[in-house]
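Worksheet for the structure shown next.
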Amino acid sequence: MSDEQNPKKITRAFVLAAGLGKRMRPITATLPKPLVEVAGKALIDHALDRAAAGGIETAVVNVHWLADLMEGHLTHRTGAPEIVVSDERDALLETGGGVKRAIDRFGHEPFVVFNSDSFWLEGPRPNLGRLIEAWDPDTTDILLLVAPTATSLGYDGAGDFYMDADGRLSWRGEREVAPFIYAGVAILKPELFADTPEGPFSLTLLFDRAIQRNRLKGLRLDGQWLHVGTPEAIQAAEARVRDSARIV
């Protein structure tokens, strides 16, 4: 099937890499969190390499904290995807505001959003390819990759979502434990940003709106999600990667 005949081909992505990484201190006092290495590779490179393998040709990466280091690192990458830097040195715009600043880069086509610290062990089929294959713009405004709360390494929270048999997501209630957590990768439609605030706002605003329309859906990650949020979590993630390599 040619690219022109494949309606699910998604070639552009936004990688969220501007955060302060406060929970990763003291490492992030002098190093942006996306440049923290896990299993011999910076977190940002894990995300960008996954993007390239999934057919992403252009990735917009926002920078704020220690932006010069981020830009220097990105300059030395070779191969796909092509990197476009979205400069947020003037103000940190949060997840939604950061994407909105660069929204013209995506035209009218859906695009992938990555958290730069999204890190998981793949199952038999790469998860980004599965996510793009599952994307259905007729029934869905946002499609999230979600992971089981109970088996996600390094995560001790109460989860984010319930998911029904059709993949529709709903938020967990207060003092409840939900079976799924957002794994940091999503497909979104650019038109969702038309009626959003100027300046900083969170992507959860768009998640909320999609839930109200019954158009937020999830795809369960095939593999294991590794939450790399603290210095201690780096060692746990690397140990899990080593164990996985031995099993294979």
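In the structure tokens, each chain is lettered A, B, ... as it comes, each chain's residues begin at 1, and ligands are numbered from 1 in order of appearance.
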Could you give me the residues within stretch 11-219 of chain A that DSSP places in strand (DSSP E or B), as a ChimeraX atom specification? /A:12-16,37-38,41-42,58-63,82-87,111-115,120-122,142-148,153,161-163,168-171,180-188,216-219
Do you know which residues are at most 8 Å from A:Lys33 counting only C-alpha atoms, after dropping those on the same chain fewer than 5 positions away, and could you put them as number ranges by chain? A: 17, 19-21, 24, 27-28, 43, 117
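Here the question is which of A:Trp65, A:Val60, A:Ser118, A:Gln224 gets nearest to A:Val38 using only C-alpha atoms, and that residue is A:Ser118.
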Which neighbours of stretch 99-108 of chain A fall inside 8 Å, counting only C-alpha atoms, when residues of the same chain fewer than 4 positions from it are skipped, and could you give them as a PyMOL selection string? chain A and resi 12+14+60+86+95+189-191+193
For the residues in that selection, give me N, CA, C and O atoms as a PDB file, in the first residue's frame.
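selection-v3.pdb written:
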ATOM      1  N   ARG A  12       4.243  13.427  11.580  1.00  0.00           N
ATOM      2  CA  ARG A  12       4.759  14.536  12.380  1.00  0.00           C
ATOM      3  C   ARG A  12       4.471  14.297  13.866  1.00  0.00           C
ATOM      4  O   ARG A  12       3.470  13.685  14.226  1.00  0.00           O
ATOM      5  N   PHE A  14       5.226  16.013  18.077  1.00  0.00           N
ATOM      6  CA  PHE A  14       5.701  17.036  19.005  1.00  0.00           C
ATOM      7  C   PHE A  14       6.254  16.312  20.225  1.00  0.00           C
ATOM      8  O   PHE A  14       5.574  15.452  20.801  1.00  0.00           O
ATOM      9  N   VAL A  60       8.860  18.220  16.225  1.00  0.00           N
ATOM     10  CA  VAL A  60       9.057  19.504  16.882  1.00  0.00           C
ATOM     11  C   VAL A  60       9.378  19.227  18.343  1.00  0.00           C
ATOM     12  O   VAL A  60       8.647  18.494  19.017  1.00  0.00           O
ATOM     13  N   SER A  86      11.247  24.277  19.019  1.00  0.00           N
ATOM     14  CA  SER A  86      10.295  25.313  19.417  1.00  0.00           C
ATOM     15  C   SER A  86      10.825  25.962  20.688  1.00  0.00           C
ATOM     16  O   SER A  86      10.882  25.329  21.752  1.00  0.00           O
ATOM     17  N   THR A  95       2.190  21.699  28.945  1.00  0.00           N
ATOM     18  CA  THR A  95       2.084  20.748  27.835  1.00  0.00           C
ATOM     19  C   THR A  95       1.192  21.268  26.712  1.00  0.00           C
ATOM     20  O   THR A  95       1.560  21.213  25.533  1.00  0.00           O
ATOM     21  N   LYS A 189      -5.796  15.726  17.133  1.00  0.00           N
ATOM     22  CA  LYS A 189      -6.166  16.529  15.970  1.00  0.00           C
ATOM     23  C   LYS A 189      -5.786  17.991  16.231  1.00  0.00           C
ATOM     24  O   LYS A 189      -6.073  18.526  17.315  1.00  0.00           O
ATOM     25  N   PRO A 190      -5.179  18.672  15.278  1.00  0.00           N
ATOM     26  CA  PRO A 190      -4.760  20.061  15.518  1.00  0.00           C
ATOM     27  C   PRO A 190      -5.914  21.013  15.787  1.00  0.00           C
ATOM     28  O   PRO A 190      -5.753  22.003  16.511  1.00  0.00           O
ATOM     29  N   GLU A 191      -7.097  20.727  15.242  1.00  0.00           N
ATOM     30  CA  GLU A 191      -8.220  21.639  15.451  1.00  0.00           C
ATOM     31  C   GLU A 191      -8.669  21.709  16.903  1.00  0.00           C
ATOM     32  O   GLU A 191      -9.380  22.643  17.306  1.00  0.00           O
ATOM     33  N   PHE A 193      -6.985  22.588  19.295  1.00  0.00           N
ATOM     34  CA  PHE A 193      -6.312  23.721  19.940  1.00  0.00           C
ATOM     35  C   PHE A 193      -6.922  25.071  19.576  1.00  0.00           C
ATOM     36  O   PHE A 193      -6.476  26.099  20.079  1.00  0.00           O
TER      37      PHE A 193
END
Quick one: everything within 9 Å of A:Tyr162, counting only C-alpha atoms, minus sequence neighbours fewer than 2 positions away in the same chain. Send it as number ranges by chain. A: 159-160, 164, 168-172, 178-181
File dump, residues just selected, N, CA and C atoms, as a PDB file, in the first residue's frame:
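For reference, result_15.pdb as written:
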ATOM      1  N   GLY A 159      -3.290   5.697  39.333  1.00  0.00           N
ATOM      2  CA  GLY A 159      -3.751   5.556  37.965  1.00  0.00           C
ATOM      3  C   GLY A 159      -4.490   6.786  37.475  1.00  0.00           C
ATOM      4  N   ASP A 160      -4.867   6.768  36.208  1.00  0.00           N
ATOM      5  CA  ASP A 160      -5.538   7.906  35.583  1.00  0.00           C
ATOM      6  C   ASP A 160      -6.933   7.575  35.068  1.00  0.00           C
ATOM      7  N   ASP A 164     -13.412   1.369  28.721  1.00  0.00           N
ATOM      8  CA  ASP A 164     -14.492   0.422  28.457  1.00  0.00           C
ATOM      9  C   ASP A 164     -14.111  -0.514  27.313  1.00  0.00           C
ATOM     10  N   ARG A 168     -12.998   3.533  25.112  1.00  0.00           N
ATOM     11  CA  ARG A 168     -13.273   4.888  25.598  1.00  0.00           C
ATOM     12  C   ARG A 168     -12.752   5.039  27.026  1.00  0.00           C
ATOM     13  N   LEU A 169     -12.147   6.195  27.276  1.00  0.00           N
ATOM     14  CA  LEU A 169     -11.535   6.459  28.573  1.00  0.00           C
ATOM     15  C   LEU A 169     -12.374   7.415  29.398  1.00  0.00           C
ATOM     16  N   SER A 170     -12.315   7.235  30.706  1.00  0.00           N
ATOM     17  CA  SER A 170     -12.917   8.171  31.661  1.00  0.00           C
ATOM     18  C   SER A 170     -11.984   8.304  32.856  1.00  0.00           C
ATOM     19  N   TRP A 171     -11.965   9.487  33.456  1.00  0.00           N
ATOM     20  CA  TRP A 171     -11.085   9.737  34.599  1.00  0.00           C
ATOM     21  C   TRP A 171     -11.508   8.897  35.795  1.00  0.00           C
ATOM     22  N   ARG A 172     -10.543   8.528  36.611  1.00  0.00           N
ATOM     23  CA  ARG A 172     -10.874   7.892  37.894  1.00  0.00           C
ATOM     24  C   ARG A 172     -11.476   8.929  38.826  1.00  0.00           C
ATOM     25  N   ALA A 178      -7.543   3.583  39.552  1.00  0.00           N
ATOM     26  CA  ALA A 178      -7.927   3.245  38.181  1.00  0.00           C
ATOM     27  C   ALA A 178      -6.915   2.269  37.579  1.00  0.00           C
ATOM     28  N   PRO A 179      -7.356   1.420  36.661  1.00  0.00           N
ATOM     29  CA  PRO A 179      -6.465   0.370  36.149  1.00  0.00           C
ATOM     30  C   PRO A 179      -5.438   0.836  35.124  1.00  0.00           C
ATOM     31  N   PHE A 180      -5.595   2.051  34.591  1.00  0.00           N
ATOM     32  CA  PHE A 180      -4.685   2.480  33.531  1.00  0.00           C
ATOM     33  C   PHE A 180      -4.092   3.860  33.808  1.00  0.00           C
ATOM     34  N   ILE A 181      -2.839   4.015  33.381  1.00  0.00           N
ATOM     35  CA  ILE A 181      -2.130   5.283  33.488  1.00  0.00           C
ATOM     36  C   ILE A 181      -1.721   5.731  32.086  1.00  0.00           C
TER      37      ILE A 181
END
Determine which residues of stretch 44-220 of chain A receive a DSSP assignment of alpha helix (DSSP H), computed from the backbone, and state them as JSON, numbers by chain. {"A": [44, 45, 46, 47, 48, 49, 50, 51, 52, 53, 67, 68, 69, 70, 71, 72, 73, 74, 75, 94, 95, 96, 97, 98, 99, 100, 101, 127, 128, 129, 130, 131, 132, 133, 134, 204, 205, 206, 207, 208, 209, 210, 211, 212]}
Which polymer residues have any atom within 9 Å of an atom of stretch 53-58 of chain A, counting only C-alpha atoms, with same-chain residues fewer than 3 positions away left out, as a count of residues only? 20
Residue contacts of A:Gly40 (10 Å, only C-alpha atoms) excluding same-chain residues fewer than 4 positions away, as a list in words: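 Here the answer would be Val36, His46 and Glu238 of chain A.
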Write out as JSON lines the residues of stretch 60-102 of chain A that have any atom within 6 Å of an atom of stretch 199-223 of chain A, one row each with the nearest atom pair and its distance in Å to one decimal, counting only C-alpha atoms, sorted by chain and then rising number.
{"residue": "A:Leu93", "atom": "CA", "partner": "A:Pro200", "partner_atom": "CA", "distance": 4.0}
{"residue": "A:Glu94", "atom": "CA", "partner": "A:Pro200", "partner_atom": "CA", "distance": 5.2}
{"residue": "A:Thr95", "atom": "CA", "partner": "A:Ser202", "partner_atom": "CA", "distance": 5.0}
{"residue": "A:Gly96", "atom": "CA", "partner": "A:Leu203", "partner_atom": "CA", "distance": 4.4}
{"residue": "A:Gly97", "atom": "CA", "partner": "A:Pro200", "partner_atom": "CA", "distance": 4.7}
Take the residues that were just selected and, keeping all heavy atoms, output them as a compact mmCIF listing (two decimals), in the first residue's frame.
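Saved file out.txt follows:
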# COMPACT_ATOMS: atom_id res chain seq x y z
N LEU A 93 5.39 27.01 28.90
CA LEU A 93 3.99 27.05 28.47
C LEU A 93 3.19 25.83 28.87
O LEU A 93 2.03 25.72 28.49
CB LEU A 93 3.95 27.22 26.94
CG LEU A 93 4.51 28.54 26.42
CD1 LEU A 93 4.59 28.52 24.89
CD2 LEU A 93 3.66 29.70 26.89
N GLU A 94 3.76 24.93 29.65
CA GLU A 94 3.11 23.67 30.02
C GLU A 94 2.86 22.83 28.77
O GLU A 94 3.24 23.19 27.66
CB GLU A 94 1.83 23.91 30.82
CG GLU A 94 2.05 24.62 32.15
CD GLU A 94 0.77 24.73 32.95
OE1 GLU A 94 -0.08 23.82 32.85
OE2 GLU A 94 0.63 25.72 33.68
N THR A 95 2.19 21.70 28.95
CA THR A 95 2.08 20.75 27.84
C THR A 95 1.19 21.27 26.71
O THR A 95 1.56 21.21 25.53
CB THR A 95 1.56 19.40 28.35
OG1 THR A 95 0.34 19.61 29.09
CG2 THR A 95 2.59 18.74 29.26
N GLY A 96 0.03 21.79 27.06
CA GLY A 96 -0.87 22.26 26.02
C GLY A 96 -0.40 23.52 25.35
O GLY A 96 -0.44 23.65 24.12
N GLY A 97 0.06 24.48 26.16
CA GLY A 97 0.54 25.74 25.59
C GLY A 97 1.77 25.55 24.73
O GLY A 97 1.95 26.25 23.72
Under the rule that only C-alpha atoms are counted, which of A:Trp225, A:Gly98, A:Ala47, A:Met70 is the nearest residue to A:Leu145? A:Trp225
